[in-house]
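S.K.: Input file: start.cif. Contents: mmCIF, C-alpha atoms and all ligand atoms.
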data_query
loop_
_atom_site.group_PDB
_atom_site.id
_atom_site.type_symbol
_atom_site.label_atom_id
_atom_site.label_comp_id
_atom_site.auth_asym_id
_atom_site.auth_seq_id
_atom_site.Cartn_x
_atom_site.Cartn_y
_atom_site.Cartn_z
ATOM 1 C CA MET Y 1 51.797 -14.185 73.529
ATOM 2 C CA SER Y 2 51.177 -17.669 72.221
ATOM 3 C CA TRP Y 3 48.981 -19.958 74.256
ATOM 4 C CA ASN Y 4 49.667 -23.571 73.380
ATOM 5 C CA ASP Y 5 48.489 -25.066 76.624
ATOM 6 C CA LYS Y 6 45.046 -26.621 76.087
ATOM 7 C CA ARG Y 7 44.174 -27.011 79.755
ATOM 8 C CA PRO Y 8 41.382 -24.751 81.040
ATOM 9 C CA MET Y 9 42.488 -21.307 82.180
ATOM 10 C CA SER Y 10 41.649 -20.140 85.638
ATOM 11 C CA PRO Y 11 40.121 -17.733 86.437
ATOM 12 C CA HIS Y 12 38.356 -17.831 83.089
ATOM 13 C CA LEU Y 13 37.437 -14.205 82.509
ATOM 14 C CA GLN Y 14 34.263 -14.929 80.550
ATOM 15 C CA VAL Y 15 32.610 -16.995 83.270
ATOM 16 C CA TYR Y 16 34.377 -15.998 86.482
ATOM 17 C CA ASP Y 17 32.612 -13.288 88.458
ATOM 18 C CA LEU Y 18 35.498 -11.043 89.498
ATOM 19 C CA PRO Y 19 35.546 -9.816 93.112
ATOM 20 C CA LEU Y 20 34.681 -6.159 93.697
ATOM 21 C CA THR Y 21 38.305 -5.174 94.270
ATOM 22 C CA ALA Y 22 39.298 -6.613 90.879
ATOM 23 C CA LYS Y 23 36.473 -4.813 89.081
ATOM 24 C CA LEU Y 24 37.448 -1.522 90.717
ATOM 25 C CA SER Y 25 41.054 -2.093 89.726
ATOM 26 C CA ILE Y 26 40.142 -2.520 86.060
ATOM 27 C CA LEU Y 27 37.930 0.541 86.250
ATOM 28 C CA HIS Y 28 40.895 2.601 87.501
ATOM 29 C CA ARG Y 29 42.842 1.647 84.399
ATOM 30 C CA GLY Y 30 39.830 2.190 82.132
ATOM 31 C CA THR Y 31 39.059 5.633 83.531
ATOM 32 C CA GLY Y 32 42.776 6.521 83.343
ATOM 33 C CA ALA Y 33 42.807 5.808 79.603
ATOM 34 C CA VAL Y 34 39.498 7.645 79.101
ATOM 35 C CA LEU Y 35 40.904 10.640 80.987
ATOM 36 C CA PHE Y 36 44.003 10.715 78.822
ATOM 37 C CA VAL Y 37 41.765 11.118 75.772
ATOM 38 C CA GLY Y 38 39.741 13.647 77.775
ATOM 39 C CA VAL Y 39 42.769 15.801 78.569
ATOM 40 C CA VAL Y 40 43.784 15.815 74.891
ATOM 41 C CA LEU Y 41 40.253 16.976 74.048
ATOM 42 C CA TRP Y 42 40.439 19.639 76.782
ATOM 43 C CA VAL Y 43 43.530 21.076 75.063
ATOM 44 C CA LEU Y 44 41.767 20.991 71.684
ATOM 45 C CA LEU Y 45 38.848 22.920 73.251
ATOM 46 C CA LEU Y 46 41.272 25.567 74.509
ATOM 47 C CA ALA Y 47 42.927 25.733 71.081
ATOM 48 C CA ALA Y 48 39.511 26.147 69.451
ATOM 49 C CA ALA Y 49 38.689 29.012 71.819
ATOM 50 C CA ALA Y 50 42.100 30.593 71.192
ATOM 51 C CA SER Y 51 41.472 30.612 67.462
ATOM 52 C CA GLY Y 52 38.471 32.920 67.900
ATOM 53 C CA PRO Y 53 34.865 33.471 69.048
ATOM 54 C CA GLN Y 54 33.288 31.809 65.975
ATOM 55 C CA THR Y 55 35.184 28.557 66.454
ATOM 56 C CA TRP Y 56 34.296 28.567 70.147
ATOM 57 C CA ALA Y 57 30.637 29.206 69.343
ATOM 58 C CA SER Y 58 30.373 26.016 67.261
ATOM 59 C CA VAL Y 59 32.273 23.997 69.888
ATOM 60 C CA HIS Y 60 30.003 25.442 72.570
ATOM 61 C CA SER Y 61 26.830 24.516 70.708
ATOM 62 C CA PHE Y 62 28.126 20.954 70.299
ATOM 63 C CA LEU Y 63 28.930 20.718 74.019
ATOM 64 C CA SER Y 64 25.438 21.956 74.891
ATOM 65 C CA SER Y 65 23.765 19.267 72.767
ATOM 66 C CA TRP Y 66 22.592 16.101 74.528
ATOM 67 C CA PHE Y 67 25.473 14.171 72.970
ATOM 68 C CA GLY Y 68 28.030 16.742 74.110
ATOM 69 C CA LYS Y 69 26.556 16.663 77.613
ATOM 70 C CA LEU Y 70 26.684 12.869 77.646
ATOM 71 C CA ILE Y 71 30.415 13.021 76.890
ATOM 72 C CA LEU Y 72 30.943 15.626 79.632
ATOM 73 C CA VAL Y 73 29.024 13.530 82.184
ATOM 74 C CA GLY Y 74 31.184 10.562 81.185
ATOM 75 C CA PHE Y 75 34.337 12.575 81.770
ATOM 76 C CA THR Y 76 33.237 13.955 85.141
ATOM 77 C CA PHE Y 77 32.318 10.449 86.283
ATOM 78 C CA SER Y 78 35.679 9.081 85.096
ATOM 79 C CA LEU Y 79 37.556 11.939 86.717
ATOM 80 C CA TYR Y 80 35.843 11.561 90.102
ATOM 81 C CA TYR Y 81 36.202 7.794 90.098
ATOM 82 C CA HIS Y 82 39.880 7.975 89.177
ATOM 83 C CA LEU Y 83 40.429 10.742 91.741
ATOM 84 C CA CYS Y 84 38.771 8.881 94.630
ATOM 85 C CA ASN Y 85 40.275 5.532 93.737
ATOM 86 C CA GLY Y 86 43.624 7.237 93.128
ATOM 87 C CA ILE Y 87 43.547 8.437 96.742
ATOM 88 C CA ARG Y 88 42.832 4.813 97.758
ATOM 89 C CA HIS Y 89 45.935 3.833 95.742
ATOM 90 C CA LEU Y 90 48.028 6.509 97.463
ATOM 91 C CA PHE Y 91 47.062 5.123 100.888
ATOM 92 C CA TRP Y 92 48.162 1.673 99.762
ATOM 93 C CA ASP Y 93 51.458 3.160 98.612
ATOM 94 C CA MET Y 94 51.971 4.439 102.156
ATOM 95 C CA GLY Y 95 51.330 0.900 103.364
ATOM 96 C CA LYS Y 96 47.903 1.680 104.810
ATOM 97 C CA GLY Y 97 44.724 -0.354 104.401
ATOM 98 C CA PHE Y 98 46.418 -3.070 102.405
ATOM 99 C CA ASN Y 99 44.246 -5.986 103.475
ATOM 100 C CA LEU Y 100 41.143 -7.460 101.897
ATOM 101 C CA LYS Y 101 38.641 -6.101 104.424
ATOM 102 C CA ASP Y 102 39.866 -2.496 104.342
ATOM 103 C CA ALA Y 103 40.390 -2.609 100.558
ATOM 104 C CA GLU Y 104 36.774 -3.685 100.130
ATOM 105 C CA LYS Y 105 35.408 -1.080 102.544
ATOM 106 C CA ALA Y 106 37.402 1.717 100.928
ATOM 107 C CA GLY Y 107 36.199 0.484 97.538
ATOM 108 C CA ILE Y 108 32.585 0.987 98.572
ATOM 109 C CA VAL Y 109 33.418 4.452 99.901
ATOM 110 C CA VAL Y 110 34.981 5.231 96.509
ATOM 111 C CA ILE Y 111 31.847 4.168 94.612
ATOM 112 C CA VAL Y 112 29.538 6.206 96.826
ATOM 113 C CA ALA Y 113 31.811 9.274 96.751
ATOM 114 C CA THR Y 114 32.132 9.106 92.957
ATOM 115 C CA LEU Y 115 28.364 9.013 92.462
ATOM 116 C CA LEU Y 116 27.779 11.827 94.969
ATOM 117 C CA LEU Y 117 30.472 14.085 93.486
ATOM 118 C CA THR Y 118 29.239 13.512 89.923
ATOM 119 C CA LEU Y 119 25.652 14.213 90.954
ATOM 120 C CA LEU Y 120 26.621 17.298 92.968
ATOM 121 C CA THR Y 121 28.700 18.736 90.128
ATOM 122 C CA TRP Y 122 25.865 18.417 87.626
ATOM 123 C CA LEU Y 123 23.314 19.811 90.068
ATOM 124 C CA VAL Y 124 25.534 22.884 90.439
ATOM 125 C CA ALA Y 125 26.371 23.114 86.727
ATOM 126 C CA LEU Y 126 22.836 22.818 85.330
ATOM 127 C CA MET L 1 64.950 -20.046 75.725
ATOM 128 C CA SER L 2 67.676 -22.609 75.995
ATOM 129 C CA ALA L 3 69.531 -21.964 79.181
ATOM 130 C CA SER L 4 72.089 -24.756 78.731
ATOM 131 C CA ASN L 5 74.253 -23.089 76.101
ATOM 132 C CA ASP L 6 73.792 -19.487 77.172
ATOM 133 C CA TYR L 7 77.002 -18.266 78.741
ATOM 134 C CA ARG L 8 75.984 -14.683 79.296
ATOM 135 C CA SER L 9 75.867 -13.389 82.851
ATOM 136 C CA PRO L 10 72.453 -12.713 84.425
ATOM 137 C CA LEU L 11 73.157 -8.988 84.228
ATOM 138 C CA ALA L 12 73.986 -9.123 80.507
ATOM 139 C CA LYS L 13 70.691 -10.907 79.847
ATOM 140 C CA VAL L 14 68.488 -8.288 81.468
ATOM 141 C CA LYS L 15 70.346 -5.222 80.215
ATOM 142 C CA GLY L 16 68.255 -3.294 77.722
ATOM 143 C CA LEU L 17 65.146 -5.346 78.451
ATOM 144 C CA GLY L 18 63.377 -2.800 80.582
ATOM 145 C CA ARG L 19 63.594 -0.081 83.109
ATOM 146 C CA SER L 20 66.146 -0.459 85.832
ATOM 147 C CA SER L 21 67.034 2.775 87.562
ATOM 148 C CA ASP L 22 64.149 4.411 85.683
ATOM 149 C CA ALA L 23 61.527 2.429 87.545
ATOM 150 C CA THR L 24 61.811 4.226 90.874
ATOM 151 C CA ARG L 25 61.843 7.603 89.172
ATOM 152 C CA PHE L 26 58.752 6.714 87.144
ATOM 153 C CA PHE L 27 57.025 5.510 90.283
ATOM 154 C CA TRP L 28 57.902 8.729 92.082
ATOM 155 C CA VAL L 29 56.806 11.028 89.230
ATOM 156 C CA GLN L 30 53.527 9.074 88.945
ATOM 157 C CA LYS L 31 52.846 9.583 92.681
ATOM 158 C CA LEU L 32 53.943 13.225 92.677
ATOM 159 C CA THR L 33 51.706 14.096 89.724
ATOM 160 C CA ALA L 34 48.824 12.116 91.267
ATOM 161 C CA ILE L 35 49.064 14.143 94.490
ATOM 162 C CA ALA L 36 49.318 17.435 92.592
ATOM 163 C CA LEU L 37 46.270 16.476 90.518
ATOM 164 C CA ILE L 38 44.017 16.154 93.576
ATOM 165 C CA PRO L 39 43.736 19.933 94.227
ATOM 166 C CA LEU L 40 44.051 20.738 90.511
ATOM 167 C CA THR L 41 41.087 18.609 89.421
ATOM 168 C CA LEU L 42 38.947 19.674 92.367
ATOM 169 C CA TRP L 43 39.652 23.307 91.466
ATOM 170 C CA LEU L 44 38.905 22.679 87.767
ATOM 171 C CA CYS L 45 35.578 20.948 88.390
ATOM 172 C CA TYR L 46 34.445 23.460 90.981
ATOM 173 C CA SER L 47 35.551 26.365 88.832
ATOM 174 C CA ILE L 48 33.840 25.249 85.618
ATOM 175 C CA ALA L 49 30.682 23.968 87.305
ATOM 176 C CA THR L 50 30.086 27.291 89.034
ATOM 177 C CA LEU L 51 30.638 29.417 85.921
ATOM 178 C CA PRO L 52 27.542 30.669 84.148
ATOM 179 C CA GLU L 53 26.834 29.502 80.567
ATOM 180 C CA LEU L 54 30.291 29.133 78.973
ATOM 181 C CA THR L 55 30.131 31.752 76.247
ATOM 182 C CA TYR L 56 33.302 33.188 74.710
ATOM 183 C CA GLU L 57 33.130 36.239 76.987
ATOM 184 C CA VAL L 58 32.703 34.145 80.118
ATOM 185 C CA LEU L 59 35.631 31.940 79.124
ATOM 186 C CA ILE L 60 37.906 34.936 78.489
ATOM 187 C CA ALA L 61 36.911 36.614 81.752
ATOM 188 C CA TRP L 62 37.637 33.359 83.589
ATOM 189 C CA LEU L 63 41.131 32.992 82.081
ATOM 190 C CA LYS L 64 41.938 36.695 82.527
ATOM 191 C CA SER L 65 42.410 35.968 86.216
ATOM 192 C CA PRO L 66 46.116 35.081 86.659
ATOM 193 C CA PHE L 67 45.273 32.450 89.259
ATOM 194 C CA ASN L 68 42.877 30.656 86.913
ATOM 195 C CA ALA L 69 45.323 30.853 83.998
ATOM 196 C CA VAL L 70 48.135 29.399 86.117
ATOM 197 C CA MET L 71 45.943 26.636 87.567
ATOM 198 C CA ALA L 72 44.604 25.704 84.116
ATOM 199 C CA SER L 73 48.163 25.566 82.723
ATOM 200 C CA LEU L 74 49.339 23.444 85.644
ATOM 201 C CA PHE L 75 46.407 21.071 85.245
ATOM 202 C CA THR L 76 47.197 20.700 81.530
ATOM 203 C CA VAL L 77 50.912 19.992 81.956
ATOM 204 C CA VAL L 78 50.691 17.814 85.076
ATOM 205 C CA SER L 79 47.773 15.671 83.864
ATOM 206 C CA LEU L 80 49.483 15.053 80.512
ATOM 207 C CA LYS L 81 52.709 14.028 82.281
ATOM 208 C CA HIS L 82 50.767 11.733 84.638
ATOM 209 C CA GLY L 83 48.707 10.291 81.776
ATOM 210 C CA MET L 84 51.781 9.812 79.602
ATOM 211 C CA ILE L 85 53.436 7.572 82.205
ATOM 212 C CA GLY L 86 50.130 5.824 82.902
ATOM 213 C CA MET L 87 49.547 5.030 79.238
ATOM 214 C CA GLN L 88 53.104 3.728 78.951
ATOM 215 C CA VAL L 89 52.408 1.275 81.788
ATOM 216 C CA ILE L 90 49.211 0.142 80.078
ATOM 217 C CA PHE L 91 50.973 -0.371 76.743
ATOM 218 C CA GLU L 92 53.798 -2.283 78.417
ATOM 219 C CA ASP L 93 51.238 -4.633 79.947
ATOM 220 C CA TYR L 94 49.194 -5.352 76.831
ATOM 221 C CA ILE L 95 51.345 -4.839 73.740
ATOM 222 C CA HIS L 96 53.820 -7.667 73.387
ATOM 223 C CA THR L 97 55.194 -6.964 69.929
ATOM 224 C CA HIS L 98 58.318 -4.917 70.493
ATOM 225 C CA SER L 99 57.956 -2.538 67.540
ATOM 226 C CA LEU L 100 54.256 -1.862 68.198
ATOM 227 C CA ARG L 101 54.909 -1.214 71.866
ATOM 228 C CA PHE L 102 57.768 1.134 71.075
ATOM 229 C CA GLY L 103 55.650 2.951 68.478
ATOM 230 C CA ALA L 104 52.665 3.349 70.814
ATOM 231 C CA ILE L 105 54.817 4.744 73.633
ATOM 232 C CA LEU L 106 56.702 7.074 71.304
ATOM 233 C CA PHE L 107 53.447 8.354 69.792
ATOM 234 C CA THR L 108 51.897 8.946 73.243
ATOM 235 C CA LYS L 109 54.941 10.878 74.440
ATOM 236 C CA LEU L 110 55.172 13.087 71.378
ATOM 237 C CA LEU L 111 51.413 13.696 71.458
ATOM 238 C CA SER L 112 51.577 14.590 75.172
ATOM 239 C CA TYR L 113 54.410 17.091 74.784
ATOM 240 C CA PHE L 114 52.685 18.667 71.786
ATOM 241 C CA MET L 115 49.441 18.969 73.761
ATOM 242 C CA MET L 116 51.260 20.548 76.729
ATOM 243 C CA ALA L 117 52.685 23.240 74.466
ATOM 244 C CA LEU L 118 49.424 23.806 72.595
ATOM 245 C CA GLY L 119 47.452 23.948 75.841
ATOM 246 C CA VAL L 120 49.682 26.453 77.626
ATOM 247 C CA TYR L 121 49.989 28.591 74.497
ATOM 248 C CA SER L 122 46.195 28.674 74.070
ATOM 249 C CA ILE L 123 45.604 29.553 77.715
ATOM 250 C CA LEU L 124 48.143 32.380 77.586
ATOM 251 C CA ARG L 125 46.671 33.679 74.356
ATOM 252 C CA LEU L 126 43.155 33.717 75.822
ATOM 253 C CA SER L 127 44.416 35.194 79.071
ATOM 254 C CA LEU L 128 46.663 37.947 77.712
ATOM 255 C CA GLY L 129 45.212 38.586 74.223
ATOM 256 C CA ASN L 130 43.936 42.104 73.503
HETATM 257 C C1 LIG O 1 42.436 13.458 89.845
HETATM 258 C C2 LIG O 1 43.569 13.165 90.389
HETATM 259 C C3 LIG O 1 44.286 11.871 90.029
HETATM 260 C C4 LIG O 1 44.784 10.982 90.924
HETATM 261 C C5 LIG O 1 44.748 11.129 92.453
HETATM 262 C C6 LIG O 1 45.365 9.896 90.176
HETATM 263 C C7 LIG O 1 46.011 8.810 90.738
HETATM 264 C C8 LIG O 1 46.573 7.788 90.053
HETATM 265 C C9 LIG O 1 47.381 6.748 90.637
HETATM 266 C C10 LIG O 1 47.753 6.630 92.117
HETATM 267 C C11 LIG O 1 47.761 5.905 89.631
HETATM 268 C C12 LIG O 1 48.650 4.678 89.757
HETATM 269 C C13 LIG O 1 47.856 3.450 89.934
HETATM 270 C C14 LIG O 1 48.769 2.274 90.154
HETATM 271 O O1 LIG O 1 49.734 2.428 90.927
HETATM 272 O O2 LIG O 1 48.498 1.217 89.568
HETATM 273 C C15 LIG O 1 47.176 6.412 88.408
HETATM 274 C C16 LIG O 1 47.289 5.813 87.174
HETATM 275 C C17 LIG O 1 46.865 6.397 85.993
HETATM 276 N N1 LIG O 1 46.278 7.624 85.828
HETATM 277 FE FE1 LIG O 1 45.766 8.863 87.304
HETATM 278 N N2 LIG O 1 45.201 10.124 88.827
HETATM 279 C C18 LIG O 1 44.544 11.322 88.690
HETATM 280 C C19 LIG O 1 44.200 11.940 87.495
HETATM 281 C C20 LIG O 1 44.451 11.440 86.227
HETATM 282 C C21 LIG O 1 44.168 12.122 84.990
HETATM 283 C C22 LIG O 1 43.576 13.526 84.853
HETATM 284 C C23 LIG O 1 44.551 11.283 83.984
HETATM 285 C C24 LIG O 1 44.485 11.547 82.501
HETATM 286 C C25 LIG O 1 45.522 11.994 81.832
HETATM 287 C C26 LIG O 1 45.049 10.055 84.576
HETATM 288 C C27 LIG O 1 45.514 8.933 83.896
HETATM 289 C C28 LIG O 1 46.056 7.819 84.470
HETATM 290 C C29 LIG O 1 46.491 6.652 83.736
HETATM 291 C C30 LIG O 1 46.405 6.436 82.225
HETATM 292 C C31 LIG O 1 46.984 5.746 84.703
HETATM 293 C C32 LIG O 1 47.554 4.345 84.458
HETATM 294 C C33 LIG O 1 46.539 3.305 84.831
HETATM 295 C C34 LIG O 1 47.128 1.959 85.048
HETATM 296 O O3 LIG O 1 48.349 1.784 85.070
HETATM 297 O O4 LIG O 1 46.327 1.029 85.222
HETATM 298 N N3 LIG O 1 44.979 10.184 85.953
HETATM 299 N N4 LIG O 1 46.465 7.572 88.692
#
Reformat the file's structure so that it appears as structure tokens.
Ligand code: HEM
M.R.:
Amino acid sequence: MSWNDKRPMSPHLQVYDLPLTAKLSILHRGTGAVLFVGVVLWVLLLAAAASGPQTWASVHSFLSSWFGKLILVGFTFSLYYHLCNGIRHLFWDMGKGFNLKDAEKAGIVVIVATLLLTLLTWLVAL
Amino acid sequence: MSASNDYRSPLAKVKGLGRSSDATRFFWVQKLTAIALIPLTLWLCYSIATLPELTYEVLIAWLKSPFNAVMASLFTVVSLKHGMIGMQVIFEDYIHTHSLRFGAILFTKLLSYFMMALGVYSILRLSLGN
């Protein structure tokens, strides 16, 4: 896109503090893209395991390292956020809760649920 | 665009510029896969989190159960289909050069279908092998 108009843009994304609903919306897209990469990696993990115990052993030791765990925590967070916010989207698609007040309230529920689910999962897993 | 000397009908102008009848189907598939992914992801997270240390033996034993093998395959195929459509929407929003957009979408689709096949094959091999 070419932008020839020299007048100031509004809202200017570098200075404008986006409302919560807008931030959550971007995060849905961001986590969606992260998850796509994650699912491709999940398949590669399965392929590594299918090619034999030695290959799996090296993958497993990488996943158990702090860096591997960091990636896994990132994916679980993304998955839970996208899941919870996806349910919020599905309610909107049914025409429910589509006003600013409810959208904001549900957004806060999504944040809290995401953090709780991520925490719970890692408490169980470790 | 100069509208004054364009004699084409409105329909002729929009033909080939985007999805028409496809849009509702895409919307529906995106919702259907999203709903299917709710139980699938909850199962996957619960299942993996409650497994002991994921050694090769533990992984095999897990996938030997037909239920687990089927759920893992479904998760793989459905999430790739859902993600494929999702990525297409993202590319359509941000990539404005026609050839780049087409290339990105084509690459994502081919990659997704390849990963579906590789994923299901790997699961079956782990589940049924020796
Ligand atoms: C856990 C269950 C999931 C639910 C309930 C869910 C729900 C949704 C919904 C409702 C949308 C459409 C949003 C809109 O209308 O703008 C969406 C978009 C998307 N999802 Fe999912 N999803 C889930 C899992 C996944 C997974 C595993 C992936 C990874 C492959 C993924 C990748 C995407 C992408 C890339 C988009 C497009 C984002 C956008 O257009 O901004 N989702 N999801």
S.K.: Go through Y:Leu63, Y:Ala50, Y:Val40, Y:Leu126 and flag the residue nearest ligand LIG 1 (chain O), using all atoms listed in the file for the distances.
M.R.: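 Among the listed residues, Y:Val40 lies closest to ligand LIG 1 (chain O).
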S.K.: Could the residues of chain Y within 9 Å of chain L, counting all atoms listed in the file, be given as a PDB file with C-alpha atoms, in the coordinates of the input, please?
M.R.:
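Result saved to result-v9.pdb:
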ATOM      1  CA  MET Y   1      51.797 -14.185  73.529  1.00  0.00           C
ATOM      2  CA  ARG Y  29      42.842   1.647  84.399  1.00  0.00           C
ATOM      3  CA  GLY Y  32      42.776   6.521  83.343  1.00  0.00           C
ATOM      4  CA  ALA Y  33      42.807   5.808  79.603  1.00  0.00           C
ATOM      5  CA  LEU Y  35      40.904  10.640  80.987  1.00  0.00           C
ATOM      6  CA  PHE Y  36      44.003  10.715  78.822  1.00  0.00           C
ATOM      7  CA  VAL Y  39      42.769  15.801  78.569  1.00  0.00           C
ATOM      8  CA  VAL Y  40      43.784  15.815  74.891  1.00  0.00           C
ATOM      9  CA  TRP Y  42      40.439  19.639  76.782  1.00  0.00           C
ATOM     10  CA  VAL Y  43      43.530  21.076  75.063  1.00  0.00           C
ATOM     11  CA  LEU Y  44      41.767  20.991  71.684  1.00  0.00           C
ATOM     12  CA  LEU Y  46      41.272  25.567  74.509  1.00  0.00           C
ATOM     13  CA  ALA Y  47      42.927  25.733  71.081  1.00  0.00           C
ATOM     14  CA  ALA Y  48      39.511  26.147  69.451  1.00  0.00           C
ATOM     15  CA  ALA Y  49      38.689  29.012  71.819  1.00  0.00           C
ATOM     16  CA  ALA Y  50      42.100  30.593  71.192  1.00  0.00           C
ATOM     17  CA  SER Y  51      41.472  30.612  67.462  1.00  0.00           C
ATOM     18  CA  GLY Y  52      38.471  32.920  67.900  1.00  0.00           C
ATOM     19  CA  PRO Y  53      34.865  33.471  69.048  1.00  0.00           C
ATOM     20  CA  GLN Y  54      33.288  31.809  65.975  1.00  0.00           C
ATOM     21  CA  TRP Y  56      34.296  28.567  70.147  1.00  0.00           C
ATOM     22  CA  ALA Y  57      30.637  29.206  69.343  1.00  0.00           C
ATOM     23  CA  HIS Y  60      30.003  25.442  72.570  1.00  0.00           C
ATOM     24  CA  THR Y  76      33.237  13.955  85.141  1.00  0.00           C
ATOM     25  CA  LEU Y  79      37.556  11.939  86.717  1.00  0.00           C
ATOM     26  CA  TYR Y  80      35.843  11.561  90.102  1.00  0.00           C
ATOM     27  CA  LEU Y  83      40.429  10.742  91.741  1.00  0.00           C
ATOM     28  CA  GLY Y  86      43.624   7.237  93.128  1.00  0.00           C
ATOM     29  CA  ILE Y  87      43.547   8.437  96.742  1.00  0.00           C
ATOM     30  CA  LEU Y  90      48.028   6.509  97.463  1.00  0.00           C
ATOM     31  CA  ASP Y  93      51.458   3.160  98.612  1.00  0.00           C
ATOM     32  CA  THR Y 121      28.700  18.736  90.128  1.00  0.00           C
ATOM     33  CA  TRP Y 122      25.865  18.417  87.626  1.00  0.00           C
ATOM     34  CA  LEU Y 123      23.314  19.811  90.068  1.00  0.00           C
ATOM     35  CA  VAL Y 124      25.534  22.884  90.439  1.00  0.00           C
ATOM     36  CA  ALA Y 125      26.371  23.114  86.727  1.00  0.00           C
ATOM     37  CA  LEU Y 126      22.836  22.818  85.330  1.00  0.00           C
TER      38      LEU Y 126
END
S.K.: From the options Y:Leu115, Y:Val15, Y:Leu72, Y:Leu24, which residue's atoms come nearest to Leu41 of chain Y, counting all atoms listed in the file?
M.R.: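 Once distances to Leu41 of chain Y are computed over all atoms listed in the file, the minimum belongs to Y:Leu72.
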S.K.: Assuming 4 Å of padding per side, give the centre and edge lengths of the axis-aligned box around every listed atom of ligand LIG 1 (chain O), in Å to one decimal and as AutoDock Vina command-line options.
M.R.:
--center_x 46.1 --center_y 7.3 --center_z 87.1 --size_x 15.3 --size_y 20.5 --size_z 18.6
S.K.: Which neighbours of Val109 of chain Y fall inside 12 Å, counting only C-alpha atoms, when residues of the same chain fewer than 3 positions from it are skipped, and could you give them as a list in words?
M.R.: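 Near Val109 of chain Y, the qualifying residues are Leu24, Tyr81, Cys84, Asn85, Ile87, Arg88, Asp102, Ala103, Glu104, Lys105, Ala106, Val112, Ala113, Thr114, Leu115, Leu116 and Leu117 of chain Y.
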S.K.: For Ile111 of chain Y, which residue among Y:Lys96, Y:His82, Y:Lys69, Y:Arg7 is the nearest when counting all atoms listed in the file?
M.R.: Y:His82
S.K.: Quick one: distance from atom CA of Ser73 of chain L to atom CA of Ala61 of chain L in Å, one decimal?
M.R.: 15.8 Å
S.K.: Take atom CA of Ala72 of chain L and atom C5 of ligand LIG 1 (chain O) and report the distance between them in Å, one decimal.
M.R.: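 Here the two named atoms are 16.8 Å from each other.
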S.K.: Report, in Å to a single decimal, how far apart atom CA of Ala22 of chain Y and atom O4 of ligand LIG 1 (chain O) are.
M.R.: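 Separation between atom O4 of ligand LIG 1 (chain O) and atom CA of Ala22 of chain Y: 11.8 Å.
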S.K.: Find, counting all atoms listed in the file, the residue in L:Ser65, L:Ser99, L:Ser9, L:Gln88 that gets nearest to ligand LIG 1 (chain O).
M.R.: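 Ranked by minimum distance to ligand LIG 1 (chain O), first place goes to L:Gln88.
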S.K.: Give the answer as one residue: which of Y:Leu18, Y:Leu120, Y:Val37, Y:Ile108 has the shortest atom-to-atom distance to ligand LIG 1 (chain O), using only C-alpha atoms and all ligand atoms?
M.R.: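 Among the listed residues, Y:Val37 lies closest to ligand LIG 1 (chain O).
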S.K.: Of the candidates Y:Val110, Y:Leu45, Y:Leu119, Y:Val34, which one gets nearest to ligand LIG 1 (chain O) if we count all atoms listed in the file?
M.R.: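 Closest residue, counting all atoms listed in the file: Y:Val34.
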